[in-house]
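Coordinates from my_file_9.tsv are shown below (TSV, C-alpha atoms).
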```
chain	number	residue	atom	x	y	z
A	1	MET	CA	170.44	18.05	-112.13
A	2	PHE	CA	167.39	17.65	-109.99
A	3	SER	CA	164.48	20.03	-109.55
A	4	GLU	CA	164.40	22.68	-106.82
A	5	LYS	CA	161.67	20.69	-105.09
A	6	LEU	CA	163.78	17.52	-104.99
A	7	LEU	CA	166.88	19.50	-104.00
A	8	ASN	CA	164.95	21.06	-101.12
A	9	GLU	CA	163.80	17.64	-99.88
A	10	LEU	CA	167.31	16.17	-100.16
A	11	ASN	CA	168.56	19.07	-98.05
A	12	GLU	CA	165.76	18.39	-95.57
A	13	GLN	CA	167.03	14.82	-95.38
A	14	ILE	CA	170.45	16.09	-94.31
A	15	LYS	CA	168.65	17.81	-91.44
A	16	TYR	CA	166.75	14.64	-90.54
A	17	GLU	CA	169.93	12.55	-90.58
A	18	LEU	CA	171.76	15.05	-88.36
A	19	TYR	CA	168.74	15.17	-86.06
A	20	SER	CA	168.86	11.37	-85.90
A	21	ALA	CA	172.48	11.58	-84.77
A	22	ASN	CA	171.49	13.92	-81.94
A	23	TYR	CA	168.47	11.76	-81.15
A	24	TYR	CA	170.71	8.74	-80.62
A	25	LEU	CA	173.35	10.72	-78.73
A	26	ALA	CA	170.66	11.75	-76.26
A	27	MET	CA	169.82	8.08	-75.78
A	28	ALA	CA	173.52	7.28	-75.36
A	29	ALA	CA	173.81	9.95	-72.67
A	30	TYR	CA	170.84	8.49	-70.78
A	31	CYS	CA	172.27	4.97	-70.97
A	32	ALA	CA	175.70	6.15	-69.82
A	33	ALA	CA	174.16	7.99	-66.87
A	34	GLU	CA	172.32	4.78	-65.94
A	35	GLY	CA	175.58	2.79	-65.99
A	36	MET	CA	174.73	0.92	-69.18
A	37	ASP	CA	177.91	1.63	-71.09
A	38	GLY	CA	177.29	-1.05	-73.74
A	39	PHE	CA	173.89	0.42	-74.59
A	40	ALA	CA	175.51	3.87	-74.58
A	41	ASN	CA	178.12	2.60	-77.03
A	42	PHE	CA	175.40	1.15	-79.26
A	43	PHE	CA	173.74	4.55	-79.54
A	44	VAL	CA	177.03	6.45	-79.99
A	45	VAL	CA	177.80	4.16	-82.93
A	46	GLN	CA	174.25	4.66	-84.20
A	47	ALA	CA	174.85	8.43	-84.08
A	48	GLU	CA	178.07	7.99	-86.08
A	49	GLU	CA	176.12	6.08	-88.73
A	50	GLU	CA	173.53	8.84	-88.93
A	51	ARG	CA	176.23	11.50	-89.40
A	52	PHE	CA	177.71	9.31	-92.13
A	53	HIS	CA	174.29	9.18	-93.80
A	54	ALA	CA	174.00	12.98	-93.61
A	55	MET	CA	177.39	13.33	-95.28
A	56	LYS	CA	176.36	10.92	-98.05
A	57	PHE	CA	173.47	13.26	-98.85
A	58	PHE	CA	175.74	16.30	-98.52
A	59	HIS	CA	178.31	14.92	-100.98
A	60	PHE	CA	175.66	13.61	-103.39
A	61	ILE	CA	173.95	16.99	-103.61
A	62	ASN	CA	177.26	18.72	-104.27
A	63	GLU	CA	178.36	16.11	-106.84
A	64	MET	CA	175.09	16.62	-108.70
A	65	GLY	CA	175.70	20.36	-108.98
A	66	GLY	CA	173.28	21.34	-106.24
A	67	ARG	CA	174.07	23.23	-103.07
A	68	ALA	CA	173.88	21.38	-99.80
A	69	GLN	CA	172.34	23.37	-96.97
A	70	ILE	CA	172.68	22.78	-93.25
A	71	ARG	CA	169.46	23.57	-91.46
A	72	GLY	CA	168.53	23.98	-87.81
A	73	LEU	CA	167.73	20.99	-85.65
A	74	ASP	CA	165.11	20.47	-82.98
A	75	GLU	CA	166.24	19.39	-79.53
A	76	PRO	CA	165.80	15.65	-79.06
A	77	LYS	CA	164.09	14.04	-76.09
A	78	ASN	CA	166.63	13.65	-73.28
A	79	GLU	CA	164.72	11.87	-70.51
A	80	TYR	CA	163.56	8.27	-70.68
A	81	ASN	CA	161.93	5.79	-68.33
A	82	SER	CA	163.41	2.51	-69.54
A	83	LEU	CA	165.37	0.67	-72.20
A	84	GLU	CA	162.09	-0.59	-73.59
A	85	GLU	CA	160.93	3.00	-74.11
A	86	ILE	CA	164.22	3.87	-75.80
A	87	PHE	CA	164.07	0.98	-78.24
A	88	THR	CA	160.37	1.54	-78.94
A	89	LEU	CA	161.15	5.17	-79.79
A	90	SER	CA	164.19	4.11	-81.83
A	91	LEU	CA	162.15	1.66	-83.91
A	92	ASN	CA	159.44	4.25	-84.50
A	93	HIS	CA	162.10	6.79	-85.47
A	94	GLU	CA	163.65	4.40	-87.99
A	95	LYS	CA	160.19	3.77	-89.47
A	96	PHE	CA	159.80	7.54	-89.84
A	97	VAL	CA	163.17	7.76	-91.61
A	98	THR	CA	162.17	4.88	-93.89
A	99	GLY	CA	159.04	6.83	-94.80
A	100	ARG	CA	161.21	9.86	-95.63
A	101	ILE	CA	163.46	7.75	-97.88
A	102	TYR	CA	160.42	6.29	-99.64
A	103	PHE	CA	159.06	9.83	-100.10
A	104	LEU	CA	162.34	10.91	-101.69
A	105	MET	CA	162.35	7.82	-103.91
A	106	ASP	CA	158.81	8.55	-105.06
A	107	MET	CA	159.82	12.11	-105.94
A	108	ALA	CA	162.92	10.95	-107.80
A	109	GLN	CA	160.89	8.39	-109.73
A	110	ASP	CA	158.23	10.98	-110.61
A	111	GLU	CA	160.98	13.26	-111.93
A	112	ARG	CA	162.77	10.39	-113.65
A	113	GLU	CA	165.93	11.45	-111.79
A	114	HIS	CA	167.86	8.21	-112.30
A	115	ALA	CA	171.04	9.21	-110.45
A	116	THR	CA	168.98	10.04	-107.37
A	117	ILE	CA	167.05	6.78	-107.69
A	118	SER	CA	170.33	4.86	-107.78
A	119	PHE	CA	171.65	6.81	-104.79
A	120	LEU	CA	168.49	6.25	-102.74
A	121	ASN	CA	168.52	2.49	-103.34
A	122	TRP	CA	171.44	2.26	-100.90
A	123	PHE	CA	169.34	3.99	-98.23
A	124	ILE	CA	166.36	1.72	-98.82
A	125	ASP	CA	168.57	-1.30	-98.17
A	126	GLU	CA	170.08	0.46	-95.14
A	127	GLN	CA	166.66	1.17	-93.65
A	128	VAL	CA	165.67	-2.49	-93.86
A	129	GLU	CA	168.75	-3.25	-91.75
A	130	GLU	CA	168.10	-0.35	-89.34
A	131	GLU	CA	164.51	-1.34	-88.66
A	132	ALA	CA	165.43	-5.01	-88.23
A	133	SER	CA	168.19	-4.13	-85.76
A	134	MET	CA	165.95	-1.91	-83.63
A	135	SER	CA	163.11	-4.41	-83.75
A	136	ASP	CA	165.43	-7.24	-82.68
A	137	LEU	CA	166.84	-5.24	-79.78
A	138	LEU	CA	163.37	-4.11	-78.67
A	139	HIS	CA	162.26	-7.75	-78.66
A	140	LYS	CA	165.31	-8.78	-76.60
A	141	VAL	CA	164.83	-5.97	-74.08
A	142	LYS	CA	161.15	-6.85	-73.68
A	143	MET	CA	162.03	-10.50	-73.23
A	144	LEU	CA	164.79	-9.80	-70.68
A	145	GLY	CA	163.03	-7.11	-68.68
A	146	SER	CA	164.82	-4.06	-67.33
A	147	GLN	CA	167.26	-5.70	-64.94
A	148	GLY	CA	169.20	-8.85	-64.34
A	149	GLN	CA	171.89	-10.92	-65.90
A	150	GLY	CA	170.31	-10.94	-69.36
A	151	ILE	CA	170.44	-7.14	-69.61
A	152	PHE	CA	174.01	-7.20	-68.29
A	153	MET	CA	174.99	-9.70	-71.00
A	154	LEU	CA	173.27	-7.69	-73.73
A	155	ASP	CA	175.01	-4.56	-72.43
A	156	ARG	CA	178.38	-6.34	-72.74
A	157	GLU	CA	177.49	-7.51	-76.26
A	158	LEU	CA	176.53	-4.00	-77.39
A	159	ALA	CA	179.79	-2.60	-75.99
A	160	GLN	CA	181.55	-4.44	-78.84
A	161	ARG	CA	179.70	-2.61	-81.60
A	162	SER	CA	181.78	-0.30	-83.78
A	163	PHE	CA	181.23	1.69	-86.94
A	164	THR	CA	183.21	1.13	-90.09
A	165	PRO	CA	181.96	3.26	-92.97
A	166	PRO	CA	180.95	1.14	-95.96
A	167	ALA	CA	183.38	1.17	-98.86
A	168	LYS	CA	180.67	2.42	-101.22
```
Can you present the structure in this file as structure tokens?
Amino acid sequence: MFSEKLLNELNEQIKYELYSANYYLAMAAYCAAEGMDGFANFFVVQAEEERFHAMKFFHFINEMGGRAQIRGLDEPKNEYNSLEEIFTLSLNHEKFVTGRIYFLMDMAQDEREHATISFLNWFIDEQVEEEASMSDLLHKVKMLGSQGQGIFMLDRELAQRSFTPPAK
């Protein structure tokens, strides 16, 4: 069983993961309103992933004998100026989440909470993938500009994205 301090921070992470889902849904809504359904789909799928992450924390806390808590969320930004702004914000957000995961890992290591360390390793690997994905898309959007055939093709590509929860 983990300390109250670690339990509190794991519960805070549920909040951050659920906030991330809302954050990406707001981006999806903007993209849909701008007629970029593929980009909207990308962010809807991203929101599904974030909810999945929240539930991983929820179940882990409960399995470890703690009590998961659902906490209030701030309203995400809903207005954007461009795809470049969206992907810049997305990359920065993923870097923030990575910092949170590292913070939790540091706490777990300080407390020698090996089950939590093992659990958090999955999230460290996941964050490498998340940051790389956002960075790649930001680079592509910058390269293509805000309009034209390139953006149309990327929009069509992102419309194919789907979420399949990992087996583990």
A:Leu138, A:Phe123, A:Phe152, A:Asn78: which is nearest A:Arg100, counting all atoms listed in the file?
A:Phe123
Do you have, as a Markdown table, the list of residues of stretch 19-125 of chain A lying at most 12 Å from stretch 1-15 of chain A, each with its nearest atom pair and that distance in Å to one decimal, counting all atoms listed in the file and ordered by chain then number?
```
| residue | atom | partner | partner_atom | distance |
| --- | --- | --- | --- | --- |
| A:Tyr19 | CA | A:Lys15 | CA | 6.0 |
| A:Ser20 | CA | A:Lys15 | CA | 8.5 |
| A:Ala21 | CA | A:Lys15 | CA | 9.9 |
| A:Asn22 | CA | A:Lys15 | CA | 10.7 |
| A:Tyr23 | CA | A:Lys15 | CA | 11.9 |
| A:Glu50 | CA | A:Ile14 | CA | 9.5 |
| A:Arg51 | CA | A:Ile14 | CA | 8.9 |
| A:Phe52 | CA | A:Ile14 | CA | 10.2 |
| A:His53 | CA | A:Ile14 | CA | 7.9 |
| A:Ala54 | CA | A:Ile14 | CA | 4.8 |
| A:Met55 | CA | A:Ile14 | CA | 7.5 |
| A:Lys56 | CA | A:Ile14 | CA | 8.7 |
| A:Phe57 | CA | A:Ile14 | CA | 6.1 |
| A:Phe58 | CA | A:Ile14 | CA | 6.8 |
| A:His59 | CA | A:Ile14 | CA | 10.4 |
| A:Phe60 | CA | A:Leu10 | CA | 9.3 |
| A:Ile61 | CA | A:Leu7 | CA | 7.5 |
| A:Asn62 | CA | A:Leu7 | CA | 10.4 |
| A:Glu63 | CA | A:Met1 | CA | 9.7 |
| A:Met64 | CA | A:Met1 | CA | 6.0 |
| A:Gly65 | CA | A:Met1 | CA | 6.6 |
| A:Gly66 | CA | A:Leu7 | CA | 7.0 |
| A:Arg67 | CA | A:Leu7 | CA | 8.2 |
| A:Ala68 | CA | A:Asn11 | CA | 6.1 |
| A:Gln69 | CA | A:Asn11 | CA | 5.8 |
| A:Ile70 | CA | A:Lys15 | CA | 6.6 |
| A:Arg71 | CA | A:Lys15 | CA | 5.8 |
| A:Gly72 | CA | A:Lys15 | CA | 7.2 |
| A:Leu73 | CA | A:Lys15 | CA | 6.7 |
| A:Asp74 | CA | A:Lys15 | CA | 9.5 |
| A:Phe96 | CA | A:Gln13 | CA | 11.7 |
| A:Val97 | CA | A:Gln13 | CA | 8.9 |
| A:Thr98 | CA | A:Gln13 | CA | 11.2 |
| A:Gly99 | CA | A:Gln13 | CA | 11.3 |
| A:Arg100 | CA | A:Gln13 | CA | 7.7 |
| A:Ile101 | CA | A:Gln13 | CA | 8.3 |
| A:Tyr102 | CA | A:Gln13 | CA | 11.6 |
| A:Phe103 | CA | A:Glu9 | CA | 9.1 |
| A:Leu104 | CA | A:Glu9 | CA | 7.1 |
| A:Met105 | CA | A:Leu6 | CA | 9.9 |
| A:Asp106 | CA | A:Leu6 | CA | 10.3 |
| A:Met107 | CA | A:Leu6 | CA | 6.8 |
| A:Ala108 | CA | A:Leu6 | CA | 7.2 |
| A:Gln109 | CA | A:Leu6 | CA | 10.7 |
| A:Asp110 | CA | A:Leu6 | CA | 10.3 |
| A:Glu111 | CA | A:Ser3 | CA | 8.0 |
| A:Arg112 | CA | A:Phe2 | CA | 9.4 |
| A:Glu113 | CA | A:Phe2 | CA | 6.6 |
| A:His114 | CA | A:Phe2 | CA | 9.7 |
| A:Ala115 | CA | A:Met1 | CA | 9.0 |
| A:Thr116 | CA | A:Phe2 | CA | 8.2 |
| A:Ile117 | CA | A:Phe2 | CA | 11.1 |
| A:Phe119 | CA | A:Leu10 | CA | 11.3 |
| A:Leu120 | CA | A:Leu10 | CA | 10.3 |
| A:Phe123 | CA | A:Gln13 | CA | 11.4 |
```
What residues have an atom no more than 9 Å from (171.3, 15.6, -76.6) in the file's own frame, counting only C-alpha atoms, and can you write them as a PyMOL selection string?
chain A and resi 22-29+75-78
Include C-alpha atoms and write out the residues we just selected as a PDB file, in the frame of the given file.
```
ATOM      1  CA  ASN A  22     171.490  13.920 -81.940  1.00  0.00           C
ATOM      2  CA  TYR A  23     168.470  11.760 -81.150  1.00  0.00           C
ATOM      3  CA  TYR A  24     170.710   8.740 -80.620  1.00  0.00           C
ATOM      4  CA  LEU A  25     173.350  10.720 -78.730  1.00  0.00           C
ATOM      5  CA  ALA A  26     170.660  11.750 -76.260  1.00  0.00           C
ATOM      6  CA  MET A  27     169.820   8.080 -75.780  1.00  0.00           C
ATOM      7  CA  ALA A  28     173.520   7.280 -75.360  1.00  0.00           C
ATOM      8  CA  ALA A  29     173.810   9.950 -72.670  1.00  0.00           C
ATOM      9  CA  GLU A  75     166.240  19.390 -79.530  1.00  0.00           C
ATOM     10  CA  PRO A  76     165.800  15.650 -79.060  1.00  0.00           C
ATOM     11  CA  LYS A  77     164.090  14.040 -76.090  1.00  0.00           C
ATOM     12  CA  ASN A  78     166.630  13.650 -73.280  1.00  0.00           C
TER      13      ASN A  78
END
```
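Distances here use only C-alpha atoms; by that measure, the residue among A:Ser82, A:Phe42, A:His93, A:Trp122 closest to A:Pro166 is A:Trp122.
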Could you check how far atom CA of A:Ala159 sits from atom CA of A:Tyr16, in Å to one decimal?
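So the answer is 26.1 Å.
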Ref. answer, residues at most 12 Å from (166.7, -4.5, -79.0) with all atoms listed in the file, as a ChimeraX atom specification
/A:39,42-43,83-91,130-146,151,154-155,157-158
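When atom CA of A:Glu48 is paired with atom CA of A:Ser162, their separation reads 9.4 Å.
Counting from atom CA of A:Tyr80, the distance to atom CA of A:Lys95 is 19.6 Å.
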Taking N, CA and C atoms as the atom set, what does stretch 30-43 of chain A look like once completed, written as a short mmCIF file (atom, residue, chain, number, x, y, z; two decimals), in the coordinates of the input?
```cif
data_model
loop_
_atom_site.label_atom_id
_atom_site.label_comp_id
_atom_site.auth_asym_id
_atom_site.auth_seq_id
_atom_site.Cartn_x
_atom_site.Cartn_y
_atom_site.Cartn_z
N TYR A 30 171.71 9.09 -71.80
CA TYR A 30 170.84 8.49 -70.78
C TYR A 30 171.41 7.14 -70.34
N CYS A 31 171.76 6.30 -71.31
CA CYS A 31 172.27 4.97 -70.97
C CYS A 31 173.57 5.06 -70.17
N ALA A 32 174.44 5.97 -70.56
CA ALA A 32 175.70 6.15 -69.82
C ALA A 32 175.43 6.58 -68.38
N ALA A 33 174.50 7.51 -68.22
CA ALA A 33 174.16 7.99 -66.87
C ALA A 33 173.55 6.89 -66.01
N GLU A 34 172.93 5.90 -66.65
CA GLU A 34 172.32 4.78 -65.94
C GLU A 34 173.31 3.62 -65.75
N GLY A 35 174.57 3.82 -66.15
CA GLY A 35 175.58 2.79 -65.99
C GLY A 35 175.51 1.67 -67.00
N MET A 36 174.85 1.93 -68.12
CA MET A 36 174.73 0.92 -69.18
C MET A 36 175.63 1.33 -70.34
N ASP A 37 176.93 1.14 -70.13
CA ASP A 37 177.91 1.63 -71.09
C ASP A 37 177.83 0.93 -72.45
N GLY A 38 177.44 -0.33 -72.47
CA GLY A 38 177.29 -1.05 -73.74
C GLY A 38 176.14 -0.47 -74.55
N PHE A 39 175.02 -0.21 -73.90
CA PHE A 39 173.89 0.42 -74.59
C PHE A 39 174.28 1.82 -75.04
N ALA A 40 175.02 2.54 -74.20
CA ALA A 40 175.51 3.87 -74.58
C ALA A 40 176.37 3.77 -75.83
N ASN A 41 177.28 2.79 -75.85
CA ASN A 41 178.12 2.60 -77.03
C ASN A 41 177.28 2.31 -78.27
N PHE A 42 176.27 1.46 -78.13
CA PHE A 42 175.40 1.15 -79.26
C PHE A 42 174.84 2.42 -79.87
N PHE A 43 174.35 3.33 -79.02
CA PHE A 43 173.74 4.55 -79.54
C PHE A 43 174.77 5.57 -80.03
#
```
